[in-house]
Each structure stands twice: as structure tokens, then as C-alpha cells.
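First up is the structure itself, then whatever we jot down about it.
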4 protein chains.
Amino acid sequence: MADAKGPWPDIAGRVDDGRHVVPVRVYHEDTDFSGLVYHASYIRFFERGRSDFVRLLGIDHEDLIAPKDGAEPAAFVVRRIEIDYLKPAAIGDVLEVVSECEELGGATLTMKQEIRRDDQTIVRARVKIVLITKSGKPLRMGALIRGAFERFLNQDS
Amino acid sequence: MADAKGPWPDIAGRVDDGRHVVPVRVYHEDTDFSGLVYHASYIRFFERGRSDFVRLLGIDHEDLIAPKDGAEPAAFVVRRIEIDYLKPAAIGDVLEVVSECEELGGATLTMKQEIRRDDQTIVRARVKIVLITKSGKPLRMGALIRGAFERFLNQDS
Amino acid sequence: MADAKGPWPDIAGRVDDGRHVVPVRVYHEDTDFSGLVYHASYIRFFERGRSDFVRLLGIDHEDLIAPKDGAEPAAFVVRRIEIDYLKPAAIGDVLEVVSECEELGGATLTMKQEIRRDDQTIVRARVKIVLITKSGKPLRMGALIRGAFERFLNQDS
Amino acid sequence: MADAKGPWPDIAGRVDDGRHVVPVRVYHEDTDFSGLVYHASYIRFFERGRSDFVRLLGIDHEDLIAPKDGAEPAAFVVRRIEIDYLKPAAIGDVLEVVSECEELGGATLTMKQEIRRDDQTIVRARVKIVLITKSGKPLRMGALIRGAFERFLNQDS
């Protein structure tokens, strides 16, 4: 968690009460000609939330895809997304991506995620991910990964 | 449908048997460091399919957002997406986006969409859209739009 | 500059010594199948730097495009970019976008921008922008905008 | 050039008179809140043009990055871009990306590219690319690649 001591302490967000929160600014790139945020941009925002959550848990995408210990390269892969668009967002908005673990299976992890603005939920998603090797085989999430996730698994959801 | 007579006759795809099909080439921009297509790219591909479907039905996004007849600007907005990722795709692949209408409500339209490669379904989605004015009010899809969609509504799905 | 007092004080970066600096995390969305950052992603990063610079100067994209005082809608538009790619970046990297004003003309502004990692410049750009009305007419940057930029204009570059 | 015989014969564009031309439709994803095409989208369009040009020349990105003959993985990398934005484009526009080789050096290739709409140039670029191994070493473009490019090298530009 070297970032937390660097010049940009908040860049990977914060874990609080089992939930991860990271801010996202809406830039030109995220909007479309309707004047509002393009619907696929939220899918990118949710991925940023999951990535930073995993990062704060001490798991490194770079290490997974290019392991130094000779293990087979692996990456988290999305299996299913359900997403509900409740309210629009606009250029310049500061949004928060809130992520929590909902269910941890042998090889899969289901996360509940929300985009919030001023404490209001504007987009809501459920995302099922799997850890998979380069050759396409689902990988049992090792003790390290399970341990990291279990600590943050929300018991009440 | 001027495109059909232009130099690139296939650019908006084809409607066949109530289904719209448009090809998508996988470029650098669509992939990520895993070596495969980034999961949010398919959300863009599905939107291309819906856009071209609507275009071939004779409905113009530009006219909706900037109506020449003084009507309130409007746009199709996504309300909900369910998406299942079955198989990966890679740089250079030629994919097909297949779209069909599943259900037409008063103000909403639900579409079934698939991404195919060599006649194999690799991603599957159900997308619910609504026609909405700039001020955020759902708009009853007018006679013109309903007529266009109903002609293509798949009765059997 | 309400952000500076909010929960994410660094989100728009900082202006220091006439230069604006904002951090950018490399996510999946920014990479391509080569394993590294996709070259067009840096164009988006540079735009984030310019947007946040302008934001910290007190200029609001939303106000420009939808003015409350009845003025014609306007937006900053890019006229020319020169960009040199010196070194690659990878997933998880924390980069810094450094932006400074180089030359302020009647209707145009030229900015020098860099992407840095660990104090090393990895991408360098010169970007010429113009303030333009919705109808396409270049707009003399008003006293307010000129004043904001002139304060930060780097005299030594 | 299997594509040319497939169901979508135009999908990789055409080479005519030493120039490669491929159409690009402007979708939601390519626009921003200004109502027009986002400036970084053209960088993606130019890359599509170069990719399809190279594809029609018989060079395969997939083979370069994962060679079957045990060669070191390699990819084309962008070194420098100069881009001039002359006119805007809007949702639904059919654009053409026109690409030609300008100069072929030992390890570098400079291409002239344009985006056209109705035979009018709206964006113009000069792009310098290099073939580079995974470990970052510039690679002399082999006889195969040089031969393919030289055949199409525009003598008059």
C-alpha cells in the first residue's frame, strides 16, 4: 500500500466498514452527445472500483498476469453484469464508486457496486468475476486471495 | 437509407428475418493488457448494433436530439443491462452483433442482443431502453417509432 | 473550488509554480493487448489535465456549454496536437499529468503537457486549443478567462 | 485476405492507388457532451485505418505479438503524432480514414492520414510508428514487412 504514503494518498480510494469507495471525476471522455455520461462509461468506473479494492487488499494485477514465481499468468475476468441506470450524471460531477463483496464461491466472486453522487445512488450493479488462467481455465482463488477477500466480505448483505 | 446506395453498402449492417446483424472488427482500442477484448468494449459493440438497427428502421438520433419541427430534444437511454460473457475475443477477430426486439412497452423497449464469432455466441445481453426528453421525462414512443419497431418485433422469442 | 474542501481534496490536482499536476492511475481500460498503455489513452489523460487545470482556475465547462446568463454556448476545442511517446506505461502505474500554458493568443491557447512516472517524462505533448461557440465561431477569450490564464502563464518556457 | 470473400467484404476497407480507405461510422461512444466527436476518438479512427492497411498487406498483429515460429513477440508502436483538427463531425456521420505511407526508414514508418467526410478533409495527421519487441528493442522491419510496405509506398507524396 505504498500509495497511501505517496503524494496522492487517496488515489486508490479507501476501505471503510467492509466497503471500498473511490472517487471518479466525469471528464469529456465519459460523456456523449446527449450531454450526459455515456452508459458504458459506468462499466469502466465499476472496473476502476474493483481494481482499486483488489489493490488495497494487496493483490497486484501485474503480478497475476506476469507472475515472478513461474506460476501460470492469470487475470480476473468478468462473467456477468447486471446494471440499473437510475439517474444521469454530467461533465464535472464527482462520483463515488462503492464496492462490496456479496458472495465468495470456489472460483467466483460476486460484488455489489454503486455509483453515488451526493449520497444518492445513480447507478447500481451486481458483477460476477472469476480468476482465470491465460489458457482459459478457472483458477481456485488461492489462500492468499480468499483470505484477503474474506476479511472484507460483507456478512449482512 | 442512403447508405445502402453509397460506397459502403454494408456499413449499417442488415436486417434479416426480424434480426439486425452488423459486423465489428476488434481493434487495439477494444483490447486490454490481458491480451483479449476488454469487457466494457462489448457494451459499446451492443450500442453500435442498436444504433444501426434504429438507423435502418429510419429513425435518426440526430433528429431526435435536435428536432427540426420544434419538438423537445429526446434520446434513447439505457435503463438496464444484463450481460453474460461466455467466451473471449481477440485482436483482429470479426464479430457480429445480432439484435432483436423482445418486448415493446409504452415507453420502453427490451432488446435481446448477442455477439457472435463464426456462428458461436460469445456474449449475450438483454438491454432495456427508454426514449427520454432532455428534461428527463420518459416519452411515449410515437406512432412512427412504434410502427417501425413493431414491423420488426420478433413474435417468437 | 469546493472540491478542495470535500472528502477528496486532491481530485482536481494541484497548481504549483505555474504548473498544474494531477495523478492518473492506469486501469484495464487504458491498456491494450500489447500489455501496455494504448497510445490514445494518453490523449485522454492530457485532456483530464487541461480540464482540471481550467477547473482550478475557476472556469466551468458546464457553465460554458449551458450559460446561465444567456450567452451563446461555448466549449474549448482542440485545434492541434503534437505528441511524442518516449517510454511505455503499464497497468497499475500511477502517472502524473503536468500542464502549463505556453502561449496565449487572442482566441487560442497553447499548452505544454507531460506525462511523468517517478519524475521521468514518458510522453510529451503540445496542444493548441480554441474557445468556440456552438455555431463554430472562435470566441475571444473574455477578460475573466484571460485573467485566469495569464496569472498562470509560464514566463520562462 | 479471407475477409474479402466473407459475408462483409468491405470490413477491412480497400487499397486504391497506393492509399488505404476504410469507413468509420460515428457512434455514441465517439461523441462528447459538446454534441460533436471527442478529439481523442480520431486517434482511434486513425489506428483502425493503419491496422486495416497492415491487414490488407498481409501482416497479422496476432502473429507479431504471439509468433508461431518462436520469434520474439513484437508490435507496432506509435512514436509521434501530429494532428490538425479542421472541422467537426457528428453522431451518425460516415467518415473515411485515408492512409498512405510517406517515408519508410530502417525501423520506422511515417504515415500520412486523413479523416474525410463527403470528400472534404476534416482531420489530418502524420504518424510515426516503429516495430518493437516485447522487451522494448526497435526491430528492423524484415524483408516481408518492407516488401509489403514498399509495394504501397506512395512515390509522389
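How things are named: the first chain in the C-alpha cells is A, the next is B, and so on; residues count from 1 in each chain; ligands count from 1 in the order shown.
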
- [ ] Please identify all polymer residues within 6 Å of Ile129 in chain B, counting only C-alpha atoms, omitting same-chain residues fewer than 4 positions from it, and present them as an MDAnalysis selection string.
- [x] chainID B and resid 77:79 108:109

Open item on the list: Give me, as an MDAnalysis selection string, the residues of chain D touching chain B, with the criterion being at most 9 Å (counting only C-alpha atoms).
Closed with: chainID D and resid 3 8:12 23:25 27:29 44 47:48 51 55 60:62 90:92 94

Open item on the list: Just list as a PyMOL selection string whatever in chain C DSSP marks as strand (DSSP E or B).
Closed with: chain C and resi 14-16+19-25+31+36-37+74-85+90+94-104+108-117+120-133+138

Considering only C-alpha atoms, return as a PDB file with C-alpha atoms, in the first residue's frame whatever protein or nucleic-acid residues lie within 10 Å of range 123-128 of chain A, sequence-local ones (same chain, fewer than 6 positions apart) excluded.
ATOM      1  CA  HIS A  39     -23.802   4.394 -20.403  1.00  0.00           C
ATOM      2  CA  TYR A  42     -20.073   3.427 -15.781  1.00  0.00           C
ATOM      3  CA  ILE A  43     -18.847  -0.064 -16.657  1.00  0.00           C
ATOM      4  CA  PHE A  46     -17.073  -0.013 -11.768  1.00  0.00           C
ATOM      5  CA  GLU A  47     -13.938  -1.753 -13.009  1.00  0.00           C
ATOM      6  CA  ARG A  50     -12.927  -3.306  -8.285  1.00  0.00           C
ATOM      7  CA  VAL A  77     -12.406 -11.889 -15.767  1.00  0.00           C
ATOM      8  CA  VAL A  78     -15.997 -10.650 -15.706  1.00  0.00           C
ATOM      9  CA  ARG A  79     -18.629 -13.402 -16.163  1.00  0.00           C
ATOM     10  CA  ARG A  80     -21.868 -11.492 -15.702  1.00  0.00           C
ATOM     11  CA  ILE A  81     -23.038  -7.941 -15.064  1.00  0.00           C
ATOM     12  CA  GLU A  82     -26.489  -6.669 -14.132  1.00  0.00           C
ATOM     13  CA  ILE A  83     -26.658  -2.890 -14.171  1.00  0.00           C
ATOM     14  CA  ASP A  84     -29.510  -0.474 -13.438  1.00  0.00           C
ATOM     15  CA  TYR A  85     -29.300   3.134 -14.538  1.00  0.00           C
ATOM     16  CA  LEU A  86     -31.321   5.252 -12.102  1.00  0.00           C
ATOM     17  CA  LYS A  87     -30.189   8.850 -12.699  1.00  0.00           C
ATOM     18  CA  PRO A  88     -27.840  10.572 -15.165  1.00  0.00           C
ATOM     19  CA  ALA A  89     -24.515  12.268 -14.401  1.00  0.00           C
ATOM     20  CA  VAL A  97     -17.781   4.091  -6.776  1.00  0.00           C
ATOM     21  CA  VAL A  98     -18.819   1.968  -3.787  1.00  0.00           C
ATOM     22  CA  SER A  99     -17.910  -1.738  -3.946  1.00  0.00           C
ATOM     23  CA  GLU A 100     -18.537  -4.604  -1.575  1.00  0.00           C
ATOM     24  CA  CYS A 101     -18.224  -8.372  -1.744  1.00  0.00           C
ATOM     25  CA  GLU A 102     -21.542 -10.158  -1.783  1.00  0.00           C
ATOM     26  CA  GLU A 103     -20.657 -13.807  -2.276  1.00  0.00           C
ATOM     27  CA  LEU A 104     -17.391 -15.718  -2.499  1.00  0.00           C
ATOM     28  CA  THR A 108     -16.078 -16.875  -8.448  1.00  0.00           C
ATOM     29  CA  LEU A 109     -16.701 -13.662  -6.580  1.00  0.00           C
ATOM     30  CA  THR A 110     -19.896 -11.612  -6.770  1.00  0.00           C
ATOM     31  CA  MET A 111     -19.673  -7.924  -5.956  1.00  0.00           C
ATOM     32  CA  LYS A 112     -22.347  -5.307  -5.350  1.00  0.00           C
ATOM     33  CA  GLN A 113     -21.389  -1.927  -6.697  1.00  0.00           C
ATOM     34  CA  GLU A 114     -22.955   1.513  -6.776  1.00  0.00           C
ATOM     35  CA  ILE A 115     -22.180   4.883  -8.302  1.00  0.00           C
ATOM     36  CA  ARG A 116     -23.148   7.677  -5.933  1.00  0.00           C
ATOM     37  CA  ARG A 117     -23.347  11.435  -6.187  1.00  0.00           C
TER      38      ARG A 117
ATOM     39  CA  ARG B  79     -32.288   1.675 -18.223  1.00  0.00           C
ATOM     40  CA  ARG B  80     -30.947  -1.815 -17.525  1.00  0.00           C
ATOM     41  CA  ILE B  81     -28.426  -4.259 -18.973  1.00  0.00           C
ATOM     42  CA  GLU B  82     -27.869  -7.922 -18.175  1.00  0.00           C
ATOM     43  CA  ILE B  83     -24.783  -9.290 -19.889  1.00  0.00           C
ATOM     44  CA  ASP B  84     -23.215 -12.750 -19.857  1.00  0.00           C
TER      45      ASP B  84
END

- [ ] Mind listing the alpha helix (DSSP H) residues of range 46-136 of chain B, per DSSP on the backbone, as a count of residues only?
- [x] 16

Open item on the list: To one decimal place in Å, what is the distance between CA of Leu36 in chain A and CA of Asp118 in chain D?
Closed with: 29.0 Å
